[in-house]
Amino acid sequence: MMKSSLKLTAAAAVAAFIATSDIALAEEAGLTDTTIKIGMIGSLTGPAALWGWPTINGAKMVYDDINANGGINGRKIELVIEDSQCQAPLALAAAKKLISRDEVFMLHGGSCSGAILPVRDLVLKEKVPMMVLVATADEIVAQPNGYIYRAFLPGSYDGEIIANFIATSPQLKKVVVVGNTDAVANVRYPKLEESIKANNLEYLGLEPLEVEATDATAQVLKVKSLNPDAVVLVARPEASAVFLKDAAKLGLDVPVFGSTLVDLQDLLERIGDPKPMANMNVVSFYKSTLTEAPMARWVDMLKKYYPDDKVQAAAFYGTSGALAVVEALKRAGPDLSREKMVQALSEIKDMDGGPMACSVTFAADDHEGCKTGSIWGMRDGNITALGDSWK
Amino acid sequence: MLEVSGLEAGYGPQLVLKGVSMQVPKGEIVALLGGNGAGKTTTLSAIMGLISARKGTVRFAGVPIQSKPAHRVFGHGVALVPQWRELFSEMSVLEHLDLGAMQRCRRSEIGQRIESVLEYFPELRSHLHRRAGALSGGQQQMVAIARALASEPKLLMLDEPSMGLAPMIVSELGRTIKRLNETGKSILLVEQNVHLALSVASYIYIIRGGTIVKHGPTVAFADERELFQSYIG
Amino acid sequence: MTQILKLEGLMVRFGGLTAVNGVSLTIASGEIRGLIGPNGAGKTTLFNAISGLAPASAGSVHLDGLEITSKSAPQRAALGIRRTFQTVQLVQSFTVYENLLFGLHTRAGNPLTRLIVGSYATPDADADAIIDEVLDYLGMRDLKHRVVDTLTIAHQRYVEIGRALVARPKLLMLDEPTAGLSPAQIERLDDLIGRLSSDWKVSILLVEHVIPLVVKLCSRITVLDRGRVIAEGTGAEIGQDAAVQKAYLGERLDA
Amino acid sequence: MEIATLLSVGVSNGCLYGLVGLGLVLVYNAQGIPNFAHGELFMASAFAAYTANILFGLSYALSMLVAIVFAFALGVVVEFLAIRPIAMNRSLGRASTEVAIVLSTVGLMIAIKGLARIPWGDSVRKLPAAFSTETISVGGLVLSTQRLLIIVVAFVLTIAISLFFSKTSLGKKMRATSQNTAGAMLVGINTGHIYSATWGLAAICGGVAGILAAPLIFLYPDMGTRMLLKGFAAACLGGFGSVGGVFVGGLVMGIVEIFFGRYLATSMMDIFAPIIIIVVLLFRPQGLFGSRSAVRV
Amino acid sequence: MLAAVRSNILPLFFVLLFGLSFTTDAYAQYLINLMLVYVVVAQGLNLILGFAGMFAFAHGAFMAIGAYVSALLMNKFGVSYLVAMPAAGLAAALVGCSIGIPAIRVSGLYLAMVTMGFSEIVQWILRNWKPVTSGTDGISVASPVFFGVELSDDFQTFYIILAVCAVMTALAQFIIRSRLGRAFVAIRDSEIAAQSSGINVARTKVLAFAISAFYAGVGGSLFSLTQHYINPDNFNLYQTIMQFCMVIVGGASSLIGPFIGATILTWLPELLRNAQAFQEIGFGLLLIVFVIFVPKGLAGLLIDKGILPREEYSSRVRGKWVVRKERAEGSERT
């Protein structure tokens, strides 16, 4: 028993070595006359799996839809999907596998900034076009960068939009920030602080809140003692809900502005009580709430291709990226190459962002396609659009 | 009552008992004597099932028990008072008696059992609620014996009960052992105090190097000088 | 004759227990001293106190004229006190040779490396010669590269003695070396111990429960009971001593 | 008022830490090992309560009962499958047996977490609170009913466990076994059963904490790791000794942590538990109340 | 011939890897590099856990110290990688000493908890000391430049990693065969016997901590080369547990063990990319199954079966085949 399992392991190890040693080079990788191979990377398992399949499927449904309608210039999109578990070594392995083994034409991936950042160097060096899936760190798309594009609101813009919005209310002067200190939240702080100061608001500092916080009493009381006019809450849904509940309980009665990490509808469901939400406002990627008309097309598409998926905010984060990829592939024409693809992406101007509030515009030296978000607030117990963007 | 034959046992690679055979008849006190490291404690441990026998048999009341774990051997009615007493230092005297009794009798009888045990050790009555760890050596030995007695064992095995006790207490101990025997209990006594062993036992086994080298009724060991020689020699 | 070991009023207490209570003892160079006593007499604790494993609460220990009372066990080992244990303490996964190398751990090497990393970096140069000499002496040359846990207990005890011998100690302390051995093995060991002191110019302190062996090997025997020395003398003297008899057979009962 | 509020939250958090710590201490005293999988027992029980309550529609009280039974069973099964085979392996020395058992609990920690991800990994879940009114106001002090429940249950459970150890025969046997295994065998105790029972009871402690905390926090497979550290800290403060000591250790931990966060720096709250663990173990291993001799270092 | 292969399995392994580097693609090369990095870290853990028998639960943290120190030295001070890497190891060793000195006061399992607490604190510092570590944003690591040539891809860094891994393996072998290595084993198996043979237990333990941390620090520095970017998440509890798995599965207290463990635990997840959901469960169960059924790990198993030669603990014995199955023949001779 022990012996045979030993042999099996040895055989597997040998097989792995042999399997890795084949080499082949195509003319233009990932292309045939009838297919375009795209590699996707997401955190499908592990602690960050929450952001895995939902976001992948939100992009995938666009490709499915295109394939169902005959593909692009005679080619259907073929996807190879790899897991990163939100860990850098595995994300890097996945990217290398996709590029050198599967020989994909391009990549569409990244659900954890920390895991996908190491991939940036590789992609630029291998000159593989890449659309960011849902990772929000600015550095991923920062210039110089010939190949990586993003078609939704990057993390740092959240803060800017919130700060600009707060500045439109003259009675709000002093702002305190409460938030998680994990990677997802951290990418938002520098620009947020900068924008708060740029708007001549008084920045009272950052009060950290554990991602797994069971209560926020200490934070709420600390915030109260600082006597702010507004609170910016940059936290994941769980911690945000905890903070809002404690804030309501302890009588912290100032407007709260949430980032794109949370969704009003979702928060409302979590808290199950509109009262703590009374002062809540949120920056959102989307044109409307999930139940309103502008989103109906995308919700229907998800239901068509992934009927088991939950219709949730995260479900459409990746959609605009896929739309931009499809648009660029169309424009690049049947005589496709990676360089032409990049060229085509750079030339996208004012493309409808699909579910996104923004319209997507790229330039050769600016690969952040989406710079506006919408702001929503609770008004009389209803989720109300407060405006488009305060960029 | 207890029949041991050809018992071999040891620790790790060491074989300590190299074929021990002995018997404890019902209602008798049998003493097992020998020098340091002769295998006395190992014999008791092997009988009790604390270490497993490698060869040989141990029968108690006709039932083979050599492969049973300690708690099963205990269930047959064998109780061991170990050399190091092995008390529960943070628990009270009463709790020790309680624990001793609870595995071998009904709940309702525990009080009665404890009462009867305390008749042998009236001194413990005033310490019932003290921590065992806070008692004197002699009192701890009483607790250890009383704990074993509370199970009303058919065979009581005592491993060097006199160790570390003052002479007066040793005499007292001797009297207690005799009284226990008078109530019909079989006793296997391992002792280094030969006088104590001679004064209570009816039959003597002498063990050396893991085997029984001499045995016979107590009268055969009347000459102390000779005993000392056979004992250390 | 010079005194190798001198104990004066040595006491060892653990918590409330006094395990060694004012022991004074001297061992001459080349002597084989027996140490006997009933269970719990404090023999092993006394061994630990001499080898430095148990700190002395009072009294002093001198080795070859040098006071070592406050020295640690490794320091004492370096100064020439080596011992064996009641239950064999070898690295069971090591070969005989590798175990013997432990004995050479304190051997002086390059003073500079010693200063930096202690004795760790000293190469095992010419260790082979010393180890081969010891193994030849013990008649175990052919077992040199055997893993210890494949050896008999008797051989493991020889390895323990060998580990002490390679360091050419001044004082060798043997703690119940015959425990668990067969009569034939005991006889062979007995013979070895008898030769050791003269062949290796080492004083020996022997704890044993096989008393005839002690009587045969040791010119003088110290008897310990309840942490005190109750008698000291030749085998014959000890055999006649009332206190010793009492210690072994117990107090006479008044009932 | 603010201090009273902080105190009430600190105490209720402390109660949770104390319960988790208690479970760790039970296993530690019985087998001398820190159980790294304890946080996962906490997590698994919370999910068991969730399953019973949300998926099978049982009442909160009934779900709690189901989850407690589940926790006990899980503890016993884990002991039987992953701990006993190592403890029974006499060929290892005592030290390597302990290391092997600890590694086994580490293995359990990741395996249970991975197992939980299959049904629960895709989203964050929430268990409704026991009472429909979430807060009550006492003289201006706003208290969460769930937190009151935590305090009451933790107190009751701690007292119940103390009584269990001092009054019941199983409790006495468990104490006896942890104090002197050889002695326990000599009074006919089957120590194997006692280890099972200890793991079961330890799992109940962790499980109850999980069930009580579930409505306050959200349920996800990684929720146990943070609690493990806090529980360790509580156990260290309590000196790995008495039931009451650990409970008080938890309270101290909960209260100090929240005051620390409020008046010094909220960023320090994450790091508080490991600091406590290091400082206490290195400089006062007997805990706040223990005496030096009782420590198993 | 076979005997020669068996007794030189590690050099042959290095030669094989060297040869493979001419035929592999970037993906396989990356995994080979990562595997060699893990070998270095696992060797460090093995020295303290397997050989010295101390339960240190902090190798993720030591790796982090190495990775950050070398990255910061290169990024902020323009130090050459040749200097930065050993500096990373020394920094980790220094921290290892400073946690080791107080930690030797507590033994066994308290040590596990103290070191686990230490790892948490290191994580916290990495996340919160933003001016230096950039917090969770992480820092990107420049490619090392040797004589004007920038070593940026996996095929180039492979040579550094292979060389360092070989040197560290040779060093580990040297340590194991020296007095120090034997002192580790001695304090693991019997502290009192060690003391009585003149081994200073406290100093040996601190050295074990320092050396082990040195390996993890160098490993962390190499790790940053394979990633070109590091952040605190790379060095969390999961990383430490991975290292434990490698040592236990491969074989604690064996030089070959870390190679076997790192190979399996780097490649297995890649082979099982299609069965992702079960990876965590798989790791957990692997650990449990090995501690229960194969406590000596695969290396121990192979050695016991006589497939691999027993590893030596002295530098003076060469080519002596000490096979453990000798137990069968005449061990009862006296």
# chains A, B, ... in the order shown; residues from 1 in each chain; ligands from 1

call {"tool": "residues_around", "arguments": {"residues": "segment 144-150 of chain E", "least_positions_apart": "4", "cutoff": "9 Å", "atoms": "only C-alpha atoms", "output": "PDB file with all heavy atoms, in the first residue's frame"}}
result
ATOM      1  N   MET E  74      18.726  46.727  -2.086  1.00  0.00           N
ATOM      2  CA  MET E  74      18.933  46.922  -3.517  1.00  0.00           C
ATOM      3  C   MET E  74      18.192  48.163  -4.024  1.00  0.00           C
ATOM      4  O   MET E  74      18.748  48.971  -4.752  1.00  0.00           O
ATOM      5  CB  MET E  74      18.473  45.684  -4.292  1.00  0.00           C
ATOM      6  CG  MET E  74      19.430  44.511  -4.128  1.00  0.00           C
ATOM      7  SD  MET E  74      18.688  42.956  -4.608  1.00  0.00           S
ATOM      8  CE  MET E  74      18.546  43.167  -6.355  1.00  0.00           C
ATOM      9  N   SER E  80      24.608  45.766  -4.392  1.00  0.00           N
ATOM     10  CA  SER E  80      24.621  44.628  -5.316  1.00  0.00           C
ATOM     11  C   SER E  80      23.935  43.426  -4.671  1.00  0.00           C
ATOM     12  O   SER E  80      24.006  43.233  -3.449  1.00  0.00           O
ATOM     13  CB  SER E  80      26.062  44.269  -5.659  1.00  0.00           C
ATOM     14  OG  SER E  80      26.158  42.897  -5.968  1.00  0.00           O
ATOM     15  N   TYR E  81      23.300  42.619  -5.508  1.00  0.00           N
ATOM     16  CA  TYR E  81      22.613  41.445  -4.953  1.00  0.00           C
ATOM     17  C   TYR E  81      23.578  40.518  -4.235  1.00  0.00           C
ATOM     18  O   TYR E  81      23.217  39.879  -3.247  1.00  0.00           O
ATOM     19  CB  TYR E  81      21.880  40.688  -6.060  1.00  0.00           C
ATOM     20  CG  TYR E  81      21.012  39.592  -5.500  1.00  0.00           C
ATOM     21  CD1 TYR E  81      19.830  39.906  -4.824  1.00  0.00           C
ATOM     22  CD2 TYR E  81      21.371  38.254  -5.602  1.00  0.00           C
ATOM     23  CE1 TYR E  81      19.045  38.920  -4.277  1.00  0.00           C
ATOM     24  CE2 TYR E  81      20.576  37.256  -5.054  1.00  0.00           C
ATOM     25  CZ  TYR E  81      19.416  37.590  -4.387  1.00  0.00           C
ATOM     26  OH  TYR E  81      18.642  36.615  -3.829  1.00  0.00           O
ATOM     27  N   LEU E  82      24.795  40.489  -4.727  1.00  0.00           N
ATOM     28  CA  LEU E  82      25.788  39.623  -4.094  1.00  0.00           C
ATOM     29  C   LEU E  82      26.018  39.991  -2.633  1.00  0.00           C
ATOM     30  O   LEU E  82      26.396  39.159  -1.819  1.00  0.00           O
ATOM     31  CB  LEU E  82      27.121  39.719  -4.844  1.00  0.00           C
ATOM     32  CG  LEU E  82      27.211  38.910  -6.131  1.00  0.00           C
ATOM     33  CD1 LEU E  82      28.557  39.095  -6.774  1.00  0.00           C
ATOM     34  CD2 LEU E  82      26.930  37.439  -5.845  1.00  0.00           C
ATOM     35  N   GLN E 156      17.794  33.067 -16.305  1.00  0.00           N
ATOM     36  CA  GLN E 156      19.013  33.696 -15.805  1.00  0.00           C
ATOM     37  C   GLN E 156      19.119  33.587 -14.287  1.00  0.00           C
ATOM     38  O   GLN E 156      20.164  33.223 -13.756  1.00  0.00           O
ATOM     39  CB  GLN E 156      19.034  35.158 -16.245  1.00  0.00           C
ATOM     40  CG  GLN E 156      19.141  35.292 -17.750  1.00  0.00           C
ATOM     41  CD  GLN E 156      18.806  36.683 -18.216  1.00  0.00           C
ATOM     42  OE1 GLN E 156      17.904  37.335 -17.685  1.00  0.00           O
ATOM     43  NE2 GLN E 156      19.515  37.156 -19.223  1.00  0.00           N
ATOM     44  N   THR E 157      18.008  33.904 -13.594  1.00  0.00           N
ATOM     45  CA  THR E 157      18.069  33.827 -12.133  1.00  0.00           C
ATOM     46  C   THR E 157      18.284  32.394 -11.665  1.00  0.00           C
ATOM     47  O   THR E 157      18.785  32.159 -10.573  1.00  0.00           O
ATOM     48  CB  THR E 157      16.805  34.402 -11.490  1.00  0.00           C
ATOM     49  OG1 THR E 157      15.677  33.842 -12.142  1.00  0.00           O
ATOM     50  CG2 THR E 157      16.769  35.894 -11.566  1.00  0.00           C
ATOM     51  N   LEU E 225      13.572  37.234  -5.774  1.00  0.00           N
ATOM     52  CA  LEU E 225      14.076  37.183  -7.155  1.00  0.00           C
ATOM     53  C   LEU E 225      13.092  36.491  -8.086  1.00  0.00           C
ATOM     54  O   LEU E 225      12.920  36.883  -9.232  1.00  0.00           O
ATOM     55  CB  LEU E 225      15.390  36.399  -7.220  1.00  0.00           C
ATOM     56  CG  LEU E 225      16.685  37.084  -6.886  1.00  0.00           C
ATOM     57  CD1 LEU E 225      17.842  36.222  -7.366  1.00  0.00           C
ATOM     58  CD2 LEU E 225      16.745  38.448  -7.532  1.00  0.00           C
TER      59      LEU E 225
END

call {"tool": "interface_residues", "arguments": {"of": "chain E", "to": "chain D", "cutoff": "6 Å", "atoms": "only C-alpha atoms", "output": "PyMOL selection string"}}
result
chain E and resi 114+117+280-281+284+287-288+291-292

call {"tool": "residues_around", "arguments": {"residues": "Thr234 of chain C", "least_positions_apart": "4", "cutoff": "9 Å", "atoms": "only C-alpha atoms", "output": "VMD selection string"}}
result
chain C and resid 215 218 to 222 238 to 239

call {"tool": "write_last_selection", "arguments": {"atoms": "N, CA, C and O atoms", "output": "PDB file, in the first residue's frame"}}
result
ATOM      1  N   VAL C 215      31.386  -4.964  45.644  1.00  0.00           N
ATOM      2  CA  VAL C 215      32.347  -5.431  46.650  1.00  0.00           C
ATOM      3  C   VAL C 215      33.609  -5.931  45.954  1.00  0.00           C
ATOM      4  O   VAL C 215      34.726  -5.671  46.388  1.00  0.00           O
ATOM      5  N   CYS C 218      35.417  -2.658  44.072  1.00  0.00           N
ATOM      6  CA  CYS C 218      35.780  -1.417  44.751  1.00  0.00           C
ATOM      7  C   CYS C 218      36.531  -1.695  46.042  1.00  0.00           C
ATOM      8  O   CYS C 218      36.102  -2.505  46.855  1.00  0.00           O
ATOM      9  N   SER C 219      37.625  -0.972  46.208  1.00  0.00           N
ATOM     10  CA  SER C 219      38.357  -1.107  47.459  1.00  0.00           C
ATOM     11  C   SER C 219      37.566  -0.451  48.585  1.00  0.00           C
ATOM     12  O   SER C 219      37.562  -0.920  49.709  1.00  0.00           O
ATOM     13  N   ARG C 220      36.918   0.619  48.271  1.00  0.00           N
ATOM     14  CA  ARG C 220      36.104   1.265  49.291  1.00  0.00           C
ATOM     15  C   ARG C 220      34.693   1.495  48.744  1.00  0.00           C
ATOM     16  O   ARG C 220      34.493   1.750  47.556  1.00  0.00           O
ATOM     17  N   ILE C 221      33.747   1.413  49.678  1.00  0.00           N
ATOM     18  CA  ILE C 221      32.352   1.597  49.286  1.00  0.00           C
ATOM     19  C   ILE C 221      31.726   2.661  50.176  1.00  0.00           C
ATOM     20  O   ILE C 221      31.968   2.680  51.383  1.00  0.00           O
ATOM     21  N   THR C 222      30.963   3.549  49.569  1.00  0.00           N
ATOM     22  CA  THR C 222      30.230   4.548  50.343  1.00  0.00           C
ATOM     23  C   THR C 222      28.762   4.170  50.308  1.00  0.00           C
ATOM     24  O   THR C 222      28.234   3.833  49.248  1.00  0.00           O
ATOM     25  N   ILE C 238      31.351  -2.988  55.277  1.00  0.00           N
ATOM     26  CA  ILE C 238      29.986  -2.572  54.960  1.00  0.00           C
ATOM     27  C   ILE C 238      29.011  -3.700  55.273  1.00  0.00           C
ATOM     28  O   ILE C 238      27.940  -3.497  55.831  1.00  0.00           O
ATOM     29  N   GLY C 239      29.421  -4.920  54.909  1.00  0.00           N
ATOM     30  CA  GLY C 239      28.559  -6.067  55.134  1.00  0.00           C
ATOM     31  C   GLY C 239      28.235  -6.280  56.614  1.00  0.00           C
ATOM     32  O   GLY C 239      27.193  -6.835  56.945  1.00  0.00           O
TER      33      GLY C 239
END

call {"tool": "interface_residues", "arguments": {"of": "chain B", "to": "chain D", "cutoff": "10 Å", "atoms": "only C-alpha atoms", "output": "PyMOL selection string"}}
result
chain B and resi 12+48-50+69-82+84-91+95-104+107+144+147-148+150-151

call {"tool": "residues_around", "arguments": {"residues": "Gln146 of chain D", "least_positions_apart": "2", "cutoff": "9 Å", "atoms": "only C-alpha atoms", "output": "list in words"}}
result
Ala129, Ala130, Phe131, Glu134, Thr135, Leu143, Ser144, Leu148, Leu149, Ile150, Ile151, Leu212, Ala213, Pro215 and Leu216 of chain D

call {"tool": "write_last_selection", "arguments": {"atoms": "N, CA, C and O atoms", "output": "mmCIF file, in the first residue's frame"}}
result
data_model
loop_
_atom_site.group_PDB
_atom_site.id
_atom_site.type_symbol
_atom_site.label_atom_id
_atom_site.label_comp_id
_atom_site.auth_asym_id
_atom_site.auth_seq_id
_atom_site.Cartn_x
_atom_site.Cartn_y
_atom_site.Cartn_z
ATOM 1 N N ALA D 129 -29.587 37.203 14.939
ATOM 2 C CA ALA D 129 -29.380 37.211 16.379
ATOM 3 C C ALA D 129 -30.482 36.432 17.077
ATOM 4 O O ALA D 129 -31.533 36.139 16.499
ATOM 5 N N ALA D 130 -30.204 36.103 18.336
ATOM 6 C CA ALA D 130 -31.148 35.290 19.095
ATOM 7 C C ALA D 130 -32.438 36.046 19.350
ATOM 8 O O ALA D 130 -33.522 35.470 19.390
ATOM 9 N N PHE D 131 -32.339 37.340 19.560
ATOM 10 C CA PHE D 131 -33.523 38.126 19.916
ATOM 11 C C PHE D 131 -33.844 39.105 18.800
ATOM 12 O O PHE D 131 -32.945 39.623 18.139
ATOM 13 N N GLU D 134 -32.637 44.196 18.857
ATOM 14 C CA GLU D 134 -31.190 44.084 18.856
ATOM 15 C C GLU D 134 -30.520 44.780 20.036
ATOM 16 O O GLU D 134 -29.484 44.360 20.506
ATOM 17 N N THR D 135 -31.101 45.889 20.457
ATOM 18 C CA THR D 135 -30.474 46.592 21.572
ATOM 19 C C THR D 135 -31.506 46.936 22.632
ATOM 20 O O THR D 135 -32.694 47.085 22.345
ATOM 21 N N LEU D 143 -27.211 48.636 25.208
ATOM 22 C CA LEU D 143 -26.569 47.328 25.214
ATOM 23 C C LEU D 143 -27.156 46.459 24.123
ATOM 24 O O LEU D 143 -28.369 46.474 23.886
ATOM 25 N N SER D 144 -26.294 45.698 23.473
ATOM 26 C CA SER D 144 -26.789 44.781 22.458
ATOM 27 C C SER D 144 -27.275 43.514 23.153
ATOM 28 O O SER D 144 -26.623 42.985 24.052
ATOM 29 N N LEU D 148 -25.372 40.761 25.608
ATOM 30 C CA LEU D 148 -25.832 40.340 26.930
ATOM 31 C C LEU D 148 -25.940 38.819 26.977
ATOM 32 O O LEU D 148 -25.535 38.183 27.955
ATOM 33 N N LEU D 149 -26.474 38.262 25.897
ATOM 34 C CA LEU D 149 -26.602 36.808 25.837
ATOM 35 C C LEU D 149 -25.225 36.147 25.961
ATOM 36 O O LEU D 149 -25.049 35.170 26.686
ATOM 37 N N ILE D 150 -24.261 36.724 25.249
ATOM 38 C CA ILE D 150 -22.901 36.172 25.316
ATOM 39 C C ILE D 150 -22.400 36.160 26.755
ATOM 40 O O ILE D 150 -21.897 35.148 27.254
ATOM 41 N N ILE D 151 -22.580 37.319 27.426
ATOM 42 C CA ILE D 151 -22.060 37.415 28.791
ATOM 43 C C ILE D 151 -22.752 36.392 29.682
ATOM 44 O O ILE D 151 -22.101 35.653 30.433
ATOM 45 N N LEU D 212 -22.294 31.857 19.570
ATOM 46 C CA LEU D 212 -22.663 33.140 20.161
ATOM 47 C C LEU D 212 -22.141 34.301 19.321
ATOM 48 O O LEU D 212 -22.789 35.333 19.185
ATOM 49 N N ALA D 213 -20.944 34.111 18.774
ATOM 50 C CA ALA D 213 -20.334 35.201 18.018
ATOM 51 C C ALA D 213 -20.956 35.323 16.635
ATOM 52 O O ALA D 213 -20.948 36.398 16.037
ATOM 53 N N PRO D 215 -23.874 35.707 15.201
ATOM 54 C CA PRO D 215 -24.739 36.816 14.803
ATOM 55 C C PRO D 215 -24.011 38.167 14.780
ATOM 56 O O PRO D 215 -24.467 39.094 14.116
ATOM 57 N N LEU D 216 -22.919 38.280 15.529
ATOM 58 C CA LEU D 216 -22.202 39.553 15.579
ATOM 59 C C LEU D 216 -21.260 39.700 14.398
ATOM 60 O O LEU D 216 -21.036 40.788 13.887
#

call {"tool": "closest_atom_pairs", "arguments": {"of": "chain E", "to": "chain A", "cutoff": "8 Å", "atoms": "only C-alpha atoms", "output": "Markdown table"}}
result
| residue | atom | partner | partner_atom | distance |
| --- | --- | --- | --- | --- |
| E:Leu20 | CA | A:Ser21 | CA | 7.4 |
| E:Thr23 | CA | A:Ser21 | CA | 5.5 |
| E:Thr24 | CA | A:Ser21 | CA | 4.4 |
| E:Asp25 | CA | A:Ser100 | CA | 6.3 |
| E:Ala26 | CA | A:Ser100 | CA | 6.1 |
| E:Tyr27 | CA | A:Lys96 | CA | 4.7 |
| E:Ala28 | CA | A:Thr20 | CA | 5.5 |
| E:Tyr30 | CA | A:Ala93 | CA | 7.0 |
| E:Leu31 | CA | A:Ala93 | CA | 7.1 |
| E:Arg127 | CA | A:Thr181 | CA | 7.7 |
| E:Thr136 | CA | A:Ala183 | CA | 4.8 |
| E:Asp137 | CA | A:Ala183 | CA | 6.2 |
| E:Gly138 | CA | A:Gly114 | CA | 7.4 |
| E:Ser140 | CA | A:Pro118 | CA | 7.9 |
| E:Gln227 | CA | A:Pro118 | CA | 5.8 |
| E:His228 | CA | A:Pro118 | CA | 6.0 |
| E:Tyr229 | CA | A:Pro118 | CA | 5.3 |
| E:Ile230 | CA | A:Pro118 | CA | 7.9 |
| E:Asn231 | CA | A:Gly114 | CA | 6.7 |
| E:Asp233 | CA | A:Gln87 | CA | 7.5 |
| E:Asn234 | CA | A:Ala88 | CA | 6.8 |
| E:Thr263 | CA | A:Ala13 | CA | 7.8 |
| E:Ile264 | CA | A:Ala13 | CA | 7.1 |
| E:Trp267 | CA | A:Ala16 | CA | 7.2 |
| E:Leu268 | CA | A:Ala13 | CA | 8.0 |
| E:Leu271 | CA | A:Ala16 | CA | 7.2 |
| E:Arg273 | CA | A:Asp83 | CA | 7.3 |
| E:Gln276 | CA | A:Thr45 | CA | 6.6 |
| E:Ala277 | CA | A:Thr45 | CA | 5.9 |
| E:Glu280 | CA | A:Gly46 | CA | 7.7 |

call {"tool": "residues_around", "arguments": {"residues": "segment 13-24 of chain C", "least_positions_apart": "4", "cutoff": "12 Å", "atoms": "only C-alpha atoms", "output": "ChimeraX atom specification"}}
result
/B:134,136-137,164 /C:5-9,39-50,54-62,222-232 /D:292-293

call {"tool": "atom_distance", "arguments": {"atom1": "atom CA of Leu79 of chain A", "atom2": "atom CA of Gly39 of chain A"}}
result
5.7 Å

call {"tool": "interface_residues", "arguments": {"of": "chain E", "to": "chain C", "cutoff": "6 Å", "atoms": "only C-alpha atoms", "output": "list of chain:residue names"}}
result
E:Arg179, E:Leu180, E:Ala193, E:Gln195, E:Ser196, E:Ser197, E:Gly198, E:Ile199, E:Asn200, E:Arg327, E:Ser331

call {"tool": "interface_residues", "arguments": {"of": "chain D", "to": "chain A", "cutoff": "6 Å", "atoms": "only C-alpha atoms", "output": "JSON, numbers by chain"}}
result
{"D": [122, 123, 217, 258, 261, 262, 266, 267]}
